[in-house]
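Accompanying notes for the structure given below.
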Amino acid sequence: MHVNDKNGFGYLTFALNNEVDYESCALLWALSLRATQKLPVKIAVIVNDADTCRSELHDVCDHVITVPKRTVVNNMQYEADILNLTPFKETVKFEADMLIPCDLEIWKHRFRLQDLCITGSVQNHKRKKANDLRYREFINENLLPNAYNGLYYVRVTKQNVAFFKELDRIFDNWYDEIKKFRLWGAHEPSTDFGMAMALRNLGMDNCVSTTSLPTFVHNKKYCVGHWQYFSIPKPNQIIVNGAKISVPWHYHDKTKCTEDLISKYKAYV
Amino acid sequence: MRSIKRLQHDAGILIFNHNSHIDYSKIAEQCVKQVRKHIPDIPIMSVGEEIQGVDEHRPIGLPRNNKKVFGVISKEWHNLSRFHAYDISPWQSTIVIDSDYFLQSDQITKLLESSQSLLMHREWYDINNDAVGVLNVGKSAISMLWATVLKFEKTKEVKKFFELWRAVIENYTYYAQMFGFTPHIIRNDYAVSIALSQLMEFDSVDHCVIPWPIHTTRDTVDVTAIDHDKIHFQDTKGKFTVNFDCHILNKESLYNACK
C-alpha cells in the first residue's frame, strides 16, 4: 500500500496461521482492544488469506489484509513488510497472543516522541521490571538494544523503511549475519534478535525505549515465575496469580485463547 | 491511671490476648507497659483475656483452633479473632498490635496522623541479617503484608476489608490451594494480604503500606531482658540490644524475659 493511501493511527497484528491458530488469538486480541479503549480505534490484522480466514475477524477488525506471499526463512520475516502492509500512517503493532486490559490513549504521547518506539523492557506479574536475562543472553552478551517486537510503534518514514529493509536483509542472510555476534550458533531466525541487529547496524539503538512505557507482561516462566491460575472477570480486569495485570498481557501459551474466552469478550463489544 | 486525652481524639491501641501453652498475658502486660511508656496519651484496650494496665477490656471467647510451630513442635495457638477488631474497637482510628510487638519509640503515632484508612507493613527488616525484604503469599504474586501492626479507620471500605479477612480465614484451604501455601497453619498475614488484594480488585496496594519496615527478630534469636528503652537479645553469634520498635518471634524467650 502506498503511503498516500495510508490513514491515521491504528493497531495491527500478524495472524499467519500455521500449526498454531493465530487467527483466533488475533480475534481475541482485537476484541480486547475494542472492549477496553475509551475512544474508537482502528484495527488491522494480517492473515494468510482474507477470504478464508476466521470470519469474525472481518466483523471486529477494520482491515483484514492478505499477506503477499514471498520466499521467507519463516513467517516472522513478514514483520519486515509491515510498512507496506499497514493501512495506517502510525501503527502500533502487537503480537496476536496478547490481551489489552487498559486504555492506551495516553500511551500515544510516549509513542509519538519517536518515529519508531520499541518496547525495551517487560514486566512480571508484580508490575516490576522482569528479569529477562535468561531469554536475552544473545542480546546481553553482544550489548545489543533489548528490542521486543511484541509491542512497538512505527510511523512511515524513510528511516523506518530503511530499518525494515535491513531487517529483511538480516533474515535473508541470517546465518551469515548472526556469525558477526557472540553466541551465534544457538539462535534460529527471530524477530527480536533480527531487530536488535538491524537497529545496531543502522545506529538506531535509541529507538528501543529505556522508559517504563511501552511495556507488557511477558508470561514466560523465567520472567514471571511459576503460576497456575488466572481469571478474567471483565476485559479490564485480568488477574494472574493473584495480581491484576495493568498493561498488555502477552499470555504466550496459545491454549489460553479458548472459544469460551472469545465468547466472553464478545459480550463486551 | 486511665488515659483520656486521646479518647477525645477517638484513637486507641487494640491488643488481642488469648493464652495458649504460653501465658501470653504476661507478654501482653509488658507490651502494654511499653506502649504506656512511649505513647502515654493513647488509650489501650485488650480483647480476649484481660491485660493488666489497659484502659478498656472486651472479653471474647477463644477463637477457632489454630496451630503454630514453636521451635520444632506444633502447638495450639489462638490468633484467629483479630478480624473482629473493626466491630470491637470503640475508636474512629485504631492500631491493632500483636502483643509480641514491643514499642521503643512513639513512631507508631505517625500512623494515627495519617489520613490513610488502612495501613500495614510490607517490608520487613531482619535485624540479624541486616536486610530488608518482602515476602510473598505462597507462590502467588501477592506481596505479604504483616498483620502485626494494623492501623484502620472506620469506613465502609475498611469494614468490607474485615469481612473479607474473615472470609479468607473461613475458606483458608481454598486460598491455600489457589496461591500455593500450606493450609495447616492459618496465618493472619496471608489472610490480610489476600483480603486487601481482593478489596483492591487485585490491583496495587501500595497506598496501604506503612512506609518503613517492620523490625523483626527471628525465632532463633532469644530475648534475654527487656528495659523500657531497649531490648536485650542473644543468638549464636553473641549478645546485642535494640532501641527501636521490634516484633519478636521467639515467644518462649520473650515470655521468660517478661517474668
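Residue numbers start at 1 in each chain; chains themselves are named A, B, ... in the order of the C-alpha cells; ligands are numbered from 1 in the order shown.
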Rows by chain and residue number, chain B within 7 Å of chain A, shortest pair, only C-alpha atoms, as a tab-separated table:
```
residue	atom	partner	partner_atom	distance
B:Ser140	CA	A:Asn241	CA	5.1
B:Ala141	CA	A:Asn241	CA	5.7
B:Ile142	CA	A:Gly242	CA	5.8
B:Phe202	CA	A:Lys244	CA	4.9
B:Asp203	CA	A:Lys244	CA	4.9
```
Once you have the residues from the selection above, write them out as a CSV table (one decimal), in the first residue's frame, restricted to N, CA and C atoms.
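Now in again_13.csv:
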```csv
chain,number,residue,atom,x,y,z
B,140,SER,N,2.1,-17.0,45.0
B,140,SER,CA,1.4,-16.0,44.3
B,140,SER,C,2.2,-14.8,44.0
B,141,ALA,N,1.6,-13.9,43.3
B,141,ALA,CA,2.3,-12.6,43.0
B,141,ALA,C,1.8,-11.6,44.1
B,142,ILE,N,1.1,-12.0,45.1
B,142,ILE,CA,0.7,-11.1,46.1
B,142,ILE,C,1.8,-10.9,47.2
B,202,PHE,N,-7.3,-6.8,43.2
B,202,PHE,CA,-6.0,-7.4,42.9
B,202,PHE,C,-5.1,-6.4,42.3
B,203,ASP,N,-5.4,-5.1,42.4
B,203,ASP,CA,-4.5,-4.1,41.9
B,203,ASP,C,-3.5,-3.7,43.0
```
- Query: Could you pull out all residues of stretch 86-207 of chain B with a DSSP call of alpha helix (DSSP H) and give them as a ChimeraX atom specification?
  - Reply: /B:86-88,109-113,156-170,172-179,188-199
- Name all residues at most 9 Å from A:Gly185 (count only C-alpha atoms; drop same-chain ones fewer than 4 positions away) and give them as a ChimeraX atom specification. /A:175,178-179
- Item | Selected residue of minimal separation from A:Cys117 among A:Met197, A:Val67, A:Leu213, A:Val3, counting only C-alpha atoms | A:Leu213
- Message: Based on the backbone DSSP call, show me all residues of stretch 68-261 of chain A assigned strand (DSSP E or B), as a PyMOL selection string.
- Response: chain A and resi 90-94+98-99+116-119+123+129+148-155+208+217-218+230-234+237-240+243-245+249-250
With C-alpha atoms retained, export the selected residues as a compact mmCIF listing (two decimals), in the first residue's frame.
```txt
# COMPACT_ATOMS: atom_id res chain seq x y z
CA GLU A 90 1.07 5.43 12.52
CA THR A 91 0.93 1.80 13.57
CA VAL A 92 1.07 0.16 16.96
CA LYS A 93 1.97 -3.45 16.38
CA PHE A 94 1.10 -6.13 18.91
CA MET A 98 -1.77 -10.54 23.79
CA LEU A 99 -4.71 -9.11 25.72
CA LEU A 116 9.98 4.17 15.96
CA CYS A 117 9.39 3.25 19.60
CA ILE A 118 10.09 -0.36 20.51
CA THR A 119 9.43 -1.95 23.90
CA GLN A 123 7.05 -6.62 33.45
CA LYS A 129 10.59 -4.91 35.55
CA TYR A 148 10.78 -6.63 21.98
CA ASN A 149 8.80 -6.83 18.76
CA GLY A 150 5.75 -7.82 20.84
CA LEU A 151 4.73 -4.18 21.06
CA TYR A 152 6.09 -1.23 19.14
CA TYR A 153 5.00 1.98 17.47
CA VAL A 154 6.14 2.80 13.95
CA ARG A 155 5.48 5.71 11.64
CA VAL A 208 14.30 0.94 21.92
CA VAL A 217 3.70 -8.51 30.95
CA HIS A 218 5.75 -11.26 29.38
CA PHE A 230 -5.79 -16.73 36.08
CA SER A 231 -9.18 -15.12 35.91
CA ILE A 232 -10.71 -12.53 33.60
CA PRO A 233 -13.94 -11.33 35.21
CA LYS A 234 -14.00 -8.29 32.92
CA GLN A 237 -9.61 -6.98 34.92
CA ILE A 238 -7.10 -9.68 34.09
CA ILE A 239 -5.95 -11.34 37.30
CA VAL A 240 -2.98 -13.68 37.09
CA ALA A 243 -2.23 -9.82 40.69
CA LYS A 244 -4.17 -7.54 38.41
CA ILE A 245 -2.40 -7.02 35.11
CA TRP A 249 -0.62 -9.28 28.81
CA HIS A 250 1.44 -11.43 26.46
```
- Item | For stretch 52-64 of chain B: contacts at 10 Å, only C-alpha atoms, fewer than 5 positions along chain excluded, given as a PyMOL selection string | chain B and resi 1-4+12-20+25-26+28-30+32-33+36+42-47+77-82+84+88-90+169-170
